[in-house]
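Undergrad: Quick one: this structure, given as structure tokens, is what I'll be asking you about.
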Amino acid sequence: MSKKDNSGVTQILAYLNEKNRPYSAQDVFTNLQKQCGLGKTAVVKAMEQLAQEGKIREKVYGKQKIYFADQSQFADVSDAELKTMDRRIADLNAEVQSTSQSCRQLDTELKELNSSLTTADMKIQIQELEAECSSYKERLSKITSATNHVTPEEREKVYKERETYVKEWRKRKRLVSDMIGSILEGYPKSKKQFLEEAGIETDEDHKVTIPNI
């Protein structure tokens, strides 16, 4: 037998003793293929050799042979020790389930964060909304100052547009407020400091209130 085969026999014996559970030759070949580098025929011969030498045990079930570690080499385990191991297994299983649940929850939170706007994106959108609001204010100011130069029909049209713009103003202001609220949940400073650093001016800064419709 070559050095490689001897090494394979040693590794197979160590593997069976470490795992201490029954395996077929196919199981051992699959599990140790990369580690031992032995072909299936070599694995079968090695396990038969180990069984003949009494280093492992062999059981025949129909046409299949099952191999396992020689149990006489292991110390006897008392009922108390078995119960202790059972409790440890139960504790580990519970820990695995808890950890798996936490991982699933964190994965869900990560997906939500990845699908949300970044702080930089929110700042840009807030600035755009503020610019739109300023444009609406300017248009409303021009419209209301020109009431003496329009017909009743035009005036009615203007008031309807005003109503639409005021509703949009309220909607966008609420949207901006919600965005700022979302940012502040993870922002280490106060709302006032955030508005100053982001260069955001509010209606209140200019003593402007949304008119009644």
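By order in the structure tokens, chains are A, B, ...; within a chain, residues start at 1; ligands start at 1, following the order shown.
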Residues within 12 Å of Glu132 in chain A, please, as a list in words. Count only C-alpha atoms; anything in the same chain fewer than 4 positions from it doesn't count.
TA: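 Using only C-alpha atoms, the neighbours found are Gln125, Ile126, Gln127, Glu128, Tyr136, Lys137, Glu138, Arg139, Tyr165, Glu168, Trp169, Arg172, Lys173 and Val176 of chain A.
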Undergrad: Write down as a list in words the residues belonging to chain A that are assigned strand (DSSP E or B) by DSSP computed on the backbone.
TA: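 These are the residues in question: Tyr23, Ile56, Arg57, Glu58, Lys59, Val60, Tyr61, Gln64, Lys65, Ile66, Tyr67, Phe68 and Ala69 of chain A.
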Undergrad: Let's have the selection written as a short mmCIF file (atom, residue, chain, number, x, y, z; two decimals), in the first residue's frame, with N, CA, C and O atoms.
TA:
data_model
loop_
_atom_site.label_atom_id
_atom_site.label_comp_id
_atom_site.auth_asym_id
_atom_site.auth_seq_id
_atom_site.Cartn_x
_atom_site.Cartn_y
_atom_site.Cartn_z
N TYR A 23 -21.53 5.14 8.85
CA TYR A 23 -21.39 5.64 7.49
C TYR A 23 -21.21 4.46 6.54
O TYR A 23 -20.62 3.43 6.89
N ILE A 56 -12.30 -0.60 13.34
CA ILE A 56 -13.68 -0.10 13.22
C ILE A 56 -14.61 -1.31 13.15
O ILE A 56 -14.15 -2.45 13.01
N ARG A 57 -15.90 -1.08 13.26
CA ARG A 57 -16.87 -2.15 13.21
C ARG A 57 -17.65 -2.09 11.91
O ARG A 57 -17.84 -1.02 11.34
N GLU A 58 -18.12 -3.29 11.48
CA GLU A 58 -18.84 -3.40 10.21
C GLU A 58 -20.15 -4.13 10.43
O GLU A 58 -20.21 -5.14 11.16
N LYS A 59 -21.23 -3.61 9.82
CA LYS A 59 -22.55 -4.25 9.86
C LYS A 59 -23.06 -4.35 8.43
O LYS A 59 -22.90 -3.42 7.64
N VAL A 60 -23.67 -5.49 8.11
CA VAL A 60 -24.19 -5.70 6.77
C VAL A 60 -25.71 -5.66 6.82
O VAL A 60 -26.34 -6.39 7.60
N TYR A 61 -26.28 -4.79 6.00
CA TYR A 61 -27.74 -4.68 5.88
C TYR A 61 -28.09 -4.94 4.42
O TYR A 61 -27.99 -4.04 3.57
N GLN A 64 -25.79 -3.69 1.53
CA GLN A 64 -25.01 -2.52 1.94
C GLN A 64 -24.26 -2.80 3.23
O GLN A 64 -24.79 -3.41 4.17
N LYS A 65 -23.02 -2.32 3.28
CA LYS A 65 -22.19 -2.41 4.48
C LYS A 65 -22.13 -1.05 5.17
O LYS A 65 -21.94 -0.03 4.51
N ILE A 66 -22.29 -1.07 6.48
CA ILE A 66 -22.22 0.15 7.28
C ILE A 66 -21.03 0.03 8.23
O ILE A 66 -20.84 -1.01 8.87
N TYR A 67 -20.26 1.08 8.34
CA TYR A 67 -19.08 1.10 9.19
C TYR A 67 -19.22 2.17 10.27
O TYR A 67 -19.80 3.23 10.03
N PHE A 68 -18.67 1.88 11.45
CA PHE A 68 -18.71 2.86 12.54
C PHE A 68 -17.54 2.61 13.49
O PHE A 68 -16.91 1.55 13.44
N ALA A 69 -17.27 3.59 14.33
CA ALA A 69 -16.13 3.50 15.24
C ALA A 69 -16.31 2.39 16.26
O ALA A 69 -17.44 2.04 16.64
#
Undergrad: Mind checking DSSP for range 28-208 of chain A and telling me the alpha helix (DSSP H) residues as number ranges by chain?
TA: A: 28-36, 40-52, 79-115, 119-145, 152-185, 191-198
Undergrad: Looking at A:Gln97, A:Thr119, A:Asn20, A:Gln52, which one is nearest to Tyr187 in chain A, with distances taken over only C-alpha atoms?
TA: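 For Tyr187 in chain A, the nearest of the given residues is A:Thr119.
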Undergrad: Of the candidates A:Met179, A:Leu195, A:Ser24, A:Asn17, which shows the shortest atom-to-atom distance to Phe74 in chain A, using only C-alpha atoms?
TA: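 Checking each of A:Met179, A:Leu195, A:Ser24, A:Asn17 against Phe74 in chain A, counting only C-alpha atoms, the winner is A:Asn17.
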Undergrad: So which residues touch Lys191 in chain A within 12 Å, counting only C-alpha atoms, skipping near sequence neighbours fewer than 3 positions away, as a PyMOL selection string?
TA: chain A and resi 177+179-188+194-198+200+202
Undergrad: With N, CA and C atoms retained, could you export that selection as a PDB file, in the first residue's frame?
TA:
ATOM      1  N   SER A 177     -42.148  67.692   5.785  1.00  0.00           N
ATOM      2  CA  SER A 177     -42.096  67.483   7.235  1.00  0.00           C
ATOM      3  C   SER A 177     -41.851  66.011   7.556  1.00  0.00           C
ATOM      4  N   MET A 179     -40.368  63.826   5.604  1.00  0.00           N
ATOM      5  CA  MET A 179     -38.993  63.489   5.218  1.00  0.00           C
ATOM      6  C   MET A 179     -37.995  63.933   6.280  1.00  0.00           C
ATOM      7  N   ILE A 180     -38.210  65.173   6.755  1.00  0.00           N
ATOM      8  CA  ILE A 180     -37.312  65.685   7.792  1.00  0.00           C
ATOM      9  C   ILE A 180     -37.411  64.822   9.039  1.00  0.00           C
ATOM     10  N   GLY A 181     -38.643  64.396   9.374  1.00  0.00           N
ATOM     11  CA  GLY A 181     -38.825  63.534  10.535  1.00  0.00           C
ATOM     12  C   GLY A 181     -38.068  62.224  10.383  1.00  0.00           C
ATOM     13  N   SER A 182     -38.095  61.653   9.163  1.00  0.00           N
ATOM     14  CA  SER A 182     -37.378  60.403   8.916  1.00  0.00           C
ATOM     15  C   SER A 182     -35.874  60.599   9.070  1.00  0.00           C
ATOM     16  N   ILE A 183     -35.375  61.734   8.553  1.00  0.00           N
ATOM     17  CA  ILE A 183     -33.941  62.008   8.664  1.00  0.00           C
ATOM     18  C   ILE A 183     -33.526  62.173  10.117  1.00  0.00           C
ATOM     19  N   LEU A 184     -34.367  62.881  10.880  1.00  0.00           N
ATOM     20  CA  LEU A 184     -34.010  63.191  12.271  1.00  0.00           C
ATOM     21  C   LEU A 184     -33.975  61.955  13.160  1.00  0.00           C
ATOM     22  N   GLU A 185     -34.636  60.849  12.726  1.00  0.00           N
ATOM     23  CA  GLU A 185     -34.603  59.628  13.519  1.00  0.00           C
ATOM     24  C   GLU A 185     -33.175  59.086  13.642  1.00  0.00           C
ATOM     25  N   GLY A 186     -32.369  59.312  12.620  1.00  0.00           N
ATOM     26  CA  GLY A 186     -30.993  58.852  12.688  1.00  0.00           C
ATOM     27  C   GLY A 186     -29.980  59.988  12.727  1.00  0.00           C
ATOM     28  N   TYR A 187     -30.482  61.224  12.939  1.00  0.00           N
ATOM     29  CA  TYR A 187     -29.594  62.394  12.932  1.00  0.00           C
ATOM     30  C   TYR A 187     -29.186  62.739  14.364  1.00  0.00           C
ATOM     31  N   PRO A 188     -27.903  62.900  14.607  1.00  0.00           N
ATOM     32  CA  PRO A 188     -27.448  63.074  15.990  1.00  0.00           C
ATOM     33  C   PRO A 188     -27.723  64.446  16.600  1.00  0.00           C
ATOM     34  N   PHE A 194     -30.153  70.735  12.040  1.00  0.00           N
ATOM     35  CA  PHE A 194     -30.238  70.068  10.734  1.00  0.00           C
ATOM     36  C   PHE A 194     -30.694  71.042   9.654  1.00  0.00           C
ATOM     37  N   LEU A 195     -31.734  71.845   9.961  1.00  0.00           N
ATOM     38  CA  LEU A 195     -32.245  72.796   8.978  1.00  0.00           C
ATOM     39  C   LEU A 195     -31.187  73.821   8.604  1.00  0.00           C
ATOM     40  N   GLU A 196     -30.402  74.250   9.597  1.00  0.00           N
ATOM     41  CA  GLU A 196     -29.350  75.226   9.336  1.00  0.00           C
ATOM     42  C   GLU A 196     -28.252  74.620   8.464  1.00  0.00           C
ATOM     43  N   GLU A 197     -27.820  73.377   8.792  1.00  0.00           N
ATOM     44  CA  GLU A 197     -26.750  72.742   8.038  1.00  0.00           C
ATOM     45  C   GLU A 197     -27.184  72.389   6.622  1.00  0.00           C
ATOM     46  N   ALA A 198     -28.465  72.031   6.461  1.00  0.00           N
ATOM     47  CA  ALA A 198     -28.965  71.671   5.132  1.00  0.00           C
ATOM     48  C   ALA A 198     -29.362  72.902   4.321  1.00  0.00           C
ATOM     49  N   ILE A 200     -32.048  74.787   4.763  1.00  0.00           N
ATOM     50  CA  ILE A 200     -33.496  74.735   4.511  1.00  0.00           C
ATOM     51  C   ILE A 200     -34.183  75.873   5.261  1.00  0.00           C
ATOM     52  N   THR A 202     -37.840  77.513   6.278  1.00  0.00           N
ATOM     53  CA  THR A 202     -39.237  77.106   6.436  1.00  0.00           C
ATOM     54  C   THR A 202     -40.169  78.304   6.280  1.00  0.00           C
TER      55      THR A 202
END
Undergrad: Taking 2 positions as the minimum chain separation for residues in the same chain, which residues sit within 12 Å of Gln26 in chain A when counting only C-alpha atoms? Answer as a ChimeraX atom specification.
TA: /A:22-24,28-33,38-45,47,64-67
Undergrad: Select, from A:Ala25, A:Thr10, A:Arg170, A:Glu204, the residue with the minimum atom-to-atom distance to Cys133 in chain A, counting only C-alpha atoms.
TA: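 Smallest distance to Cys133 in chain A is found for A:Arg170.
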Undergrad: Please measure the separation of CA of Thr151 in chain A and CA of Val208 in chain A, giving the value in Å to one decimal.
TA: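 It comes out at 28.7 Å.
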Undergrad: Just the number, please: distance in Å from CA of His206 in chain A to CA of Glu130 in chain A, one decimal.
TA: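 Those two atoms sit 12.6 Å apart.
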Undergrad: Which one of A:Leu113, A:Ile124, A:Lys55, A:Glu161 sits closest to Ala14 in chain A if you count only C-alpha atoms?
TA: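 Once distances to Ala14 in chain A are computed over only C-alpha atoms, the minimum belongs to A:Lys55.
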